[in-house]
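input-v8.txt, holding compact mmCIF, C-alpha atoms:
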# COMPACT_ATOMS: atom_id res chain seq x y z
CA MET C 87 -59.63 9.26 49.64
CA LEU C 88 -56.30 10.88 48.85
CA ASP C 89 -53.07 11.45 50.80
CA VAL C 90 -51.75 14.97 50.26
CA GLY C 91 -48.75 16.97 51.40
CA GLU C 92 -47.30 20.44 51.22
CA ALA C 93 -46.45 20.11 47.52
CA THR C 94 -49.94 19.00 46.45
CA PHE C 95 -52.21 20.79 48.95
CA GLN C 96 -52.98 23.71 46.64
CA ALA C 97 -53.98 21.54 43.69
CA ASP C 98 -55.64 18.68 45.57
CA VAL C 99 -57.50 20.71 48.20
CA ILE C 100 -57.86 24.41 47.37
CA GLU C 101 -58.44 24.06 43.63
CA ARG C 102 -60.72 21.04 43.92
CA SER C 103 -62.85 22.80 46.56
CA VAL C 104 -64.28 25.09 43.89
CA GLN C 105 -66.23 22.16 42.41
CA HIS C 106 -67.06 20.07 45.49
CA PRO C 107 -66.39 20.02 49.25
CA VAL C 108 -63.00 18.72 50.32
CA VAL C 109 -62.74 17.18 53.79
CA VAL C 110 -59.21 17.26 55.23
CA GLU C 111 -58.15 14.94 58.04
CA PHE C 112 -54.93 15.93 59.81
CA TRP C 113 -53.58 12.80 61.45
CA SER C 114 -50.49 11.10 62.80
CA PRO C 115 -49.53 7.42 62.74
CA ARG C 116 -48.50 7.91 66.38
CA SER C 117 -52.05 8.82 67.40
CA GLN C 118 -54.41 6.01 68.39
CA ALA C 119 -57.38 8.37 67.94
CA SER C 120 -56.25 9.01 64.37
CA GLN C 121 -55.99 5.30 63.70
CA ALA C 122 -59.55 4.83 64.97
CA LEU C 123 -61.05 7.73 63.03
CA GLY C 124 -59.47 7.00 59.66
CA PRO C 125 -61.63 3.95 58.75
CA ILE C 126 -64.80 5.79 59.83
CA LEU C 127 -64.07 8.71 57.51
CA ALA C 128 -63.18 6.35 54.67
CA ARG C 129 -66.51 4.51 55.04
CA LEU C 130 -68.47 7.77 55.04
CA ALA C 131 -66.59 9.01 51.98
CA ASP C 132 -67.58 5.81 50.18
CA GLU C 133 -71.20 6.13 51.33
CA ASN C 134 -71.43 9.65 49.94
CA ALA C 135 -70.13 8.53 46.55
CA GLY C 136 -68.32 11.69 45.55
CA LYS C 137 -70.39 14.33 47.34
CA PHE C 138 -67.11 15.27 49.00
CA LEU C 139 -63.46 14.31 48.59
CA LEU C 140 -61.63 13.03 51.65
CA VAL C 141 -57.93 13.87 51.87
CA ARG C 142 -55.47 13.02 54.65
CA VAL C 143 -52.45 15.00 55.80
CA ASP C 144 -49.81 13.23 57.90
CA ILE C 145 -48.61 16.01 60.21
CA ASP C 146 -45.36 14.16 60.96
CA ALA C 147 -44.45 14.21 57.27
CA ASN C 148 -45.82 17.73 56.70
CA PRO C 149 -45.03 19.79 59.82
CA GLN C 150 -44.99 23.15 58.01
CA LEU C 151 -48.47 22.55 56.60
CA ALA C 152 -49.77 21.52 60.02
CA GLN C 153 -48.26 24.67 61.53
CA ALA C 154 -49.77 26.88 58.83
CA VAL C 155 -53.24 25.48 59.54
CA GLY C 156 -52.74 25.73 63.29
CA VAL C 157 -53.05 22.05 64.10
CA GLN C 158 -52.47 21.54 67.83
CA THR C 159 -53.78 18.01 68.36
CA VAL C 160 -54.89 15.22 66.05
CA PRO C 161 -57.09 14.06 64.60
CA LEU C 162 -58.39 17.40 63.35
CA VAL C 163 -60.99 17.45 60.57
CA ILE C 164 -61.82 20.53 58.51
CA ALA C 165 -63.62 21.14 55.24
CA VAL C 166 -62.70 23.50 52.43
CA LEU C 167 -65.38 25.17 50.28
CA ARG C 168 -64.20 27.43 47.45
CA GLY C 169 -60.89 27.84 49.25
CA GLN C 170 -62.53 28.79 52.57
CA VAL C 171 -61.95 26.67 55.68
CA VAL C 172 -64.99 25.29 57.52
CA PRO C 173 -64.05 23.71 60.91
CA LEU C 174 -65.75 20.36 61.50
CA PHE C 175 -64.45 18.56 64.58
CA GLN C 176 -61.39 17.59 66.59
CA GLY C 177 -60.69 14.25 68.24
CA ALA C 178 -62.14 10.82 67.62
CA VAL C 179 -65.89 10.57 66.97
CA GLY C 180 -68.18 7.68 66.07
CA ASP C 181 -69.91 6.92 62.80
CA ASP C 182 -73.18 8.63 63.67
CA GLU C 183 -71.60 11.83 64.94
CA ALA C 184 -69.26 12.11 61.96
CA ARG C 185 -72.17 11.48 59.59
CA GLN C 186 -74.08 14.37 61.18
CA TYR C 187 -71.15 16.75 60.62
CA PHE C 188 -70.95 15.75 56.96
CA GLU C 189 -74.70 16.13 56.42
CA GLN C 190 -74.48 19.68 57.71
CA LEU C 191 -71.43 20.33 55.53
CA LEU C 192 -73.29 19.20 52.41
CA THR C 193 -76.24 21.45 53.28
CA VAL C 194 -73.87 24.42 53.56
CA ALA C 195 -72.23 23.41 50.27
CA VAL C 196 -75.59 23.43 48.49
CA ALA C 197 -76.34 26.83 50.00
CA ASN C 198 -73.17 28.11 48.33
CA GLY C 199 -73.88 26.47 44.98
CA ILE C 200 -71.18 23.82 45.40
CA THR C 201 -72.83 20.66 44.10
CA GLY C 202 -70.19 18.96 41.94
CA ARG C 203 -69.04 15.40 42.55
CA ALA C 204 -65.50 14.24 43.15
CA GLU C 205 -64.05 11.59 40.89
CA PRO C 206 -62.57 8.50 42.59
CA VAL C 207 -58.90 9.14 43.40
CA GLY C 208 -56.06 7.54 45.31
CA PRO C 209 -55.21 3.88 45.82
CA GLY C 210 -58.87 2.89 46.08
CA ALA C 211 -59.86 4.42 42.75
CA PRO C 212 -61.08 1.93 40.13
CA ALA C 213 -58.58 0.92 37.48
CA ALA C 214 -59.15 2.09 33.93
CA ASP C 215 -60.25 -1.37 32.83
CA ALA C 216 -62.46 -2.00 35.84
CA GLU C 217 -66.19 -2.30 35.43
CA ALA C 218 -67.70 1.17 35.22
CA GLU C 219 -69.82 2.46 38.05
CA PRO C 220 -73.51 3.02 37.30
CA GLU C 221 -74.20 6.41 35.78
CA PRO C 222 -75.99 8.98 37.99
CA ASP C 223 -79.76 8.84 37.64
CA PRO C 224 -80.58 11.30 34.81
CA ARG C 225 -83.90 12.15 36.44
CA TYR C 226 -82.07 14.35 38.97
CA GLU C 227 -79.80 16.11 36.48
CA PRO C 228 -82.11 19.12 35.85
CA ALA C 229 -82.35 19.81 39.59
CA GLU C 230 -78.63 19.27 40.19
CA ASN C 231 -77.67 21.44 37.23
CA ALA C 232 -79.97 24.20 38.46
CA LEU C 233 -78.40 24.05 41.92
CA ALA C 234 -74.91 24.20 40.43
CA ALA C 235 -75.96 27.33 38.51
CA GLY C 236 -77.44 28.93 41.64
CA ASP C 237 -80.96 28.68 40.18
CA LEU C 238 -82.94 27.71 43.27
CA ASP C 239 -86.30 28.33 41.62
CA GLY C 240 -85.35 25.97 38.81
CA ALA C 241 -84.11 23.32 41.23
CA ILE C 242 -87.28 23.52 43.30
CA ALA C 243 -89.45 23.23 40.20
CA ALA C 244 -87.47 20.21 39.01
CA TYR C 245 -87.77 18.43 42.36
CA GLU C 246 -91.50 19.24 42.53
CA ALA C 247 -91.97 17.75 39.06
CA LEU C 248 -90.23 14.55 40.18
CA LEU C 249 -92.45 14.32 43.25
CA LYS C 250 -95.55 14.90 41.15
CA GLU C 251 -94.60 11.84 39.11
CA ASN C 252 -93.57 9.81 42.16
CA PRO C 253 -94.58 11.16 45.59
CA ALA C 254 -92.52 8.39 47.24
CA ASP C 255 -89.22 9.58 45.67
CA ALA C 256 -87.15 10.00 48.85
CA GLU C 257 -84.15 11.60 47.12
CA ALA C 258 -86.32 14.21 45.42
CA LYS C 259 -88.10 14.91 48.70
CA VAL C 260 -84.84 15.57 50.52
CA GLY C 261 -83.50 17.63 47.60
CA LEU C 262 -86.62 19.77 47.57
CA ALA C 263 -86.47 20.35 51.33
CA ARG C 264 -82.82 21.41 51.16
CA ALA C 265 -83.33 23.72 48.19
CA GLN C 266 -86.30 25.38 49.88
CA LEU C 267 -84.30 25.82 53.09
CA VAL C 268 -81.51 27.56 51.20
CA GLN C 269 -84.01 29.79 49.41
CA ARG C 270 -85.70 30.82 52.66
CA THR C 271 -82.43 31.76 54.33
CA ARG C 272 -80.88 33.77 51.49
CA ASP C 273 -82.19 37.15 52.64
CA VAL C 274 -82.91 36.95 56.34
CA PRO C 275 -84.10 40.19 58.02
CA ALA C 276 -81.52 41.46 60.50
CA ASP C 277 -84.13 41.77 63.25
CA VAL C 278 -85.63 38.29 62.93
CA ARG C 279 -84.17 36.99 66.21
CA THR C 280 -85.44 40.05 68.05
CA ARG C 281 -88.88 39.55 66.53
CA ALA C 282 -88.90 35.90 67.57
CA ALA C 283 -87.76 36.71 71.11
CA ASP C 284 -90.25 39.56 71.59
CA ASN C 285 -93.22 37.67 70.15
CA PRO C 286 -93.28 33.88 70.63
CA ALA C 287 -96.57 33.81 68.69
CA ASP C 288 -94.90 35.16 65.53
CA ILE C 289 -94.65 31.80 63.77
CA GLU C 290 -93.02 33.26 60.68
CA ALA C 291 -90.14 34.61 62.78
CA GLN C 292 -89.86 31.38 64.78
CA GLN C 293 -89.67 29.30 61.61
CA LEU C 294 -87.09 31.56 60.00
CA VAL C 295 -84.84 31.54 63.07
CA ALA C 296 -85.10 27.75 63.13
CA ASP C 297 -84.04 27.70 59.46
CA VAL C 298 -81.04 29.91 60.20
CA ASP C 299 -80.06 27.73 63.16
CA LEU C 300 -80.24 24.60 61.05
CA MET C 301 -78.10 26.14 58.31
CA GLY C 302 -75.56 27.07 60.98
CA GLY C 303 -75.40 23.51 62.28
CA HIS C 304 -77.49 24.13 65.42
CA VAL C 305 -79.89 21.31 64.64
CA GLU C 306 -81.25 20.68 68.13
CA ASP C 307 -81.82 24.42 68.72
CA ALA C 308 -83.88 24.57 65.52
CA PHE C 309 -85.98 21.55 66.50
CA ASP C 310 -86.47 22.77 70.08
CA ARG C 311 -87.68 26.18 68.90
CA LEU C 312 -90.34 24.72 66.61
CA ILE C 313 -91.52 22.18 69.16
CA ARG C 314 -91.96 24.97 71.72
CA THR C 315 -93.90 26.96 69.13
CA ILE C 316 -96.15 23.96 68.46
CA GLN C 317 -96.86 23.73 72.18
CA GLN C 318 -97.89 27.40 72.23
CA THR C 319 -100.12 27.39 69.14
CA ALA C 320 -103.29 25.69 67.94
CA GLY C 321 -105.31 25.04 64.82
CA ASP C 322 -103.91 26.07 61.45
CA GLU C 323 -100.91 27.83 62.96
CA ARG C 324 -99.89 24.70 64.84
CA ASN C 325 -100.21 22.62 61.69
CA THR C 326 -98.14 25.13 59.72
CA VAL C 327 -95.29 24.87 62.21
CA ARG C 328 -95.61 21.08 62.35
CA LEU C 329 -95.24 20.79 58.58
CA HIS C 330 -92.26 23.14 58.67
CA LEU C 331 -90.59 20.96 61.30
CA LEU C 332 -91.20 17.85 59.19
CA GLU C 333 -89.42 19.59 56.29
CA LEU C 334 -86.41 20.20 58.51
CA PHE C 335 -86.49 16.53 59.49
CA ASP C 336 -86.16 15.71 55.78
CA VAL C 337 -83.17 18.04 55.46
CA VAL C 338 -81.29 16.45 58.36
CA GLY C 339 -82.24 12.86 57.51
CA ALA C 340 -84.61 10.32 58.99
CA ASP C 341 -81.78 8.18 60.40
CA ASP C 342 -80.27 11.00 62.42
CA GLU C 343 -80.61 10.47 66.19
CA ARG C 344 -81.58 14.11 66.65
CA VAL C 345 -84.51 13.63 64.29
CA THR C 346 -85.59 10.47 66.11
CA SER C 347 -85.50 12.28 69.45
CA ALA C 348 -87.33 15.33 68.09
CA ARG C 349 -90.06 13.12 66.56
CA ARG C 350 -90.77 11.68 70.00
CA ARG C 351 -90.98 15.14 71.52
CA LEU C 352 -93.19 16.29 68.66
CA MET C 353 -95.65 13.49 69.40
CA THR C 354 -95.74 14.50 73.04
CA ALA C 355 -96.32 18.14 72.09
CA LEU C 356 -99.18 17.23 69.78
CA PHE C 357 -100.93 14.77 72.05

Using C-alpha cells, write down the structure from this file.
Amino acid sequence: MLDVGEATFQADVIERSVQHPVVVEFWSPRSQASQALGPILARLADENAGKFLLVRVDIDANPQLAQAVGVQTVPLVIAVLRGQVVPLFQGAVGDDEARQYFEQLLTVAVANGITGRAEPVGPGAPAADAEAEPEPDPRYEPAENALAAGDLDGAIAAYEALLKENPADAEAKVGLARAQLVQRTRDVPADVRTRAADNPADIEAQQLVADVDLMGGHVEDAFDRLIRTIQQTAGDERNTVRLHLLELFDVVGADDERVTSARRRLMTALF
C-alpha cells in the first residue's frame, strides 16, 4: 500500500499500471466510510501478495487530482490497467464484496496480458535486512511467463501439464480455467447474443454469452444463463453445459457467495 499525491501519481499509478493492476482509493480523513474501508483494502492487498498495488489518495491534500478524476464522494475505488481507468466501486463495502470486485479485476488484467507482480512498497514494506519472503513457486513460471507474453496456448499447455502431474493442484486448475476463458472470449461473433436469444437450445451461443458476461463482471447473469440452459437440455448437451459452468465456478472462486448460491441452484436443476 502506498500514499500518493499529485506529484507522484504519474510515476506511482500510471507507469506502474503497465506491469500490474493499480487499485486507487480516493479517501478523506473526515469520512467515516473511508476510515472503515481502508483496513479492508489493506487486508485484501496483503492477501493478494502483489497481484495488484493499492495506493491511496487523500482528496483533502490533493483537491486538484480529485477534481481531475471527477471524485464527488468518498470513498471511491478505481483500478488502472495500462493507464486506462477501470471503475470498481463507490462507498463502503465489506470484505466479501470488495474481494469479488478484485477477483473480477484480476481476470480482466489477465485478459489484457497484465500479469506482473507489484513489489512491496510504502511503510509496510519489509526492510532491506528483513527475512526474505519465500520465492514464487517455480512450477508456475512457464504459465505465468506465457500469459505475460500473451501466449494463451502456451499458458494453457503449461497449466495442463501441471494438472497432469497433480490433478489436485488448485492454483493450476484456476489458472487453466481463467486462461481458457480469456481464449474463448478473444474473438466473439458480433451476433452471439442474438443467436442465444433466438435459439435457447444453441448451447454454444449460451456458453459464449455466459463467458462474455463473466468477463464483464456480470457473474450472476452468466451463472443464471447456464443454469437455465441446463434446465432446458438433457443427456450429453446438459453435461457439456454443466462442465462449462463448473469451469466458471473455478474462475470466480469456490469461496465466492455467488458460486455457493449457484451451486445450490445447479443441484436443484439437475435433480

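Taking CA of Arg168 (chain C) as the reference point, CA of Ser103 (chain C) is found at 4.9 Å.
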
Starting from 6 Å padding per side, set up an axis-aligned box that covers all listed atoms of region 119-130 of chain C and hand over centre and edge lengths in Å, one decimal, as JSON.
{"center_x": -62.2, "center_y": 6.5, "center_z": 61.3, "size_x": 24.5, "size_y": 17.1, "size_z": 25.3}

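When only C-alpha atoms are used to compute distances to Ala296 (chain C), the closest of the residues C:Leu174, C:Ala195, C:Val337, C:Leu312 turns out to be C:Leu312.
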
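Closest approach to Val305 (chain C) from the set C:Gly236, C:Pro149, C:Pro286, C:Gly339 is made by C:Gly339, with distances taken over only C-alpha atoms.
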
Which residue of C:Thr315, C:Gln190, C:Thr326, C:Gln269 approaches Gly303 (chain C) most closely, using all atoms listed in the file: C:Gln190

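When all atoms listed in the file are used to measure the gap to Val327 (chain C), the shortest distance among C:Val104, C:Ala258, C:Ile289, C:Leu300 belongs to C:Ile289.
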
With all atoms listed in the file counted and 7 Å as the cut-off, give the residues of region 276-315 of chain C in contact with region 340-355 of chain C, each with its shortest interatomic distance in Å and the pair that gives it, as a Markdown table.
| residue | atom | partner | partner_atom | distance |
| --- | --- | --- | --- | --- |
| C:Glu306 | CA | C:Arg344 | CA | 6.7 |
| C:Phe309 | CA | C:Ala348 | CA | 6.6 |
| C:Ile313 | CA | C:Leu352 | CA | 6.1 |
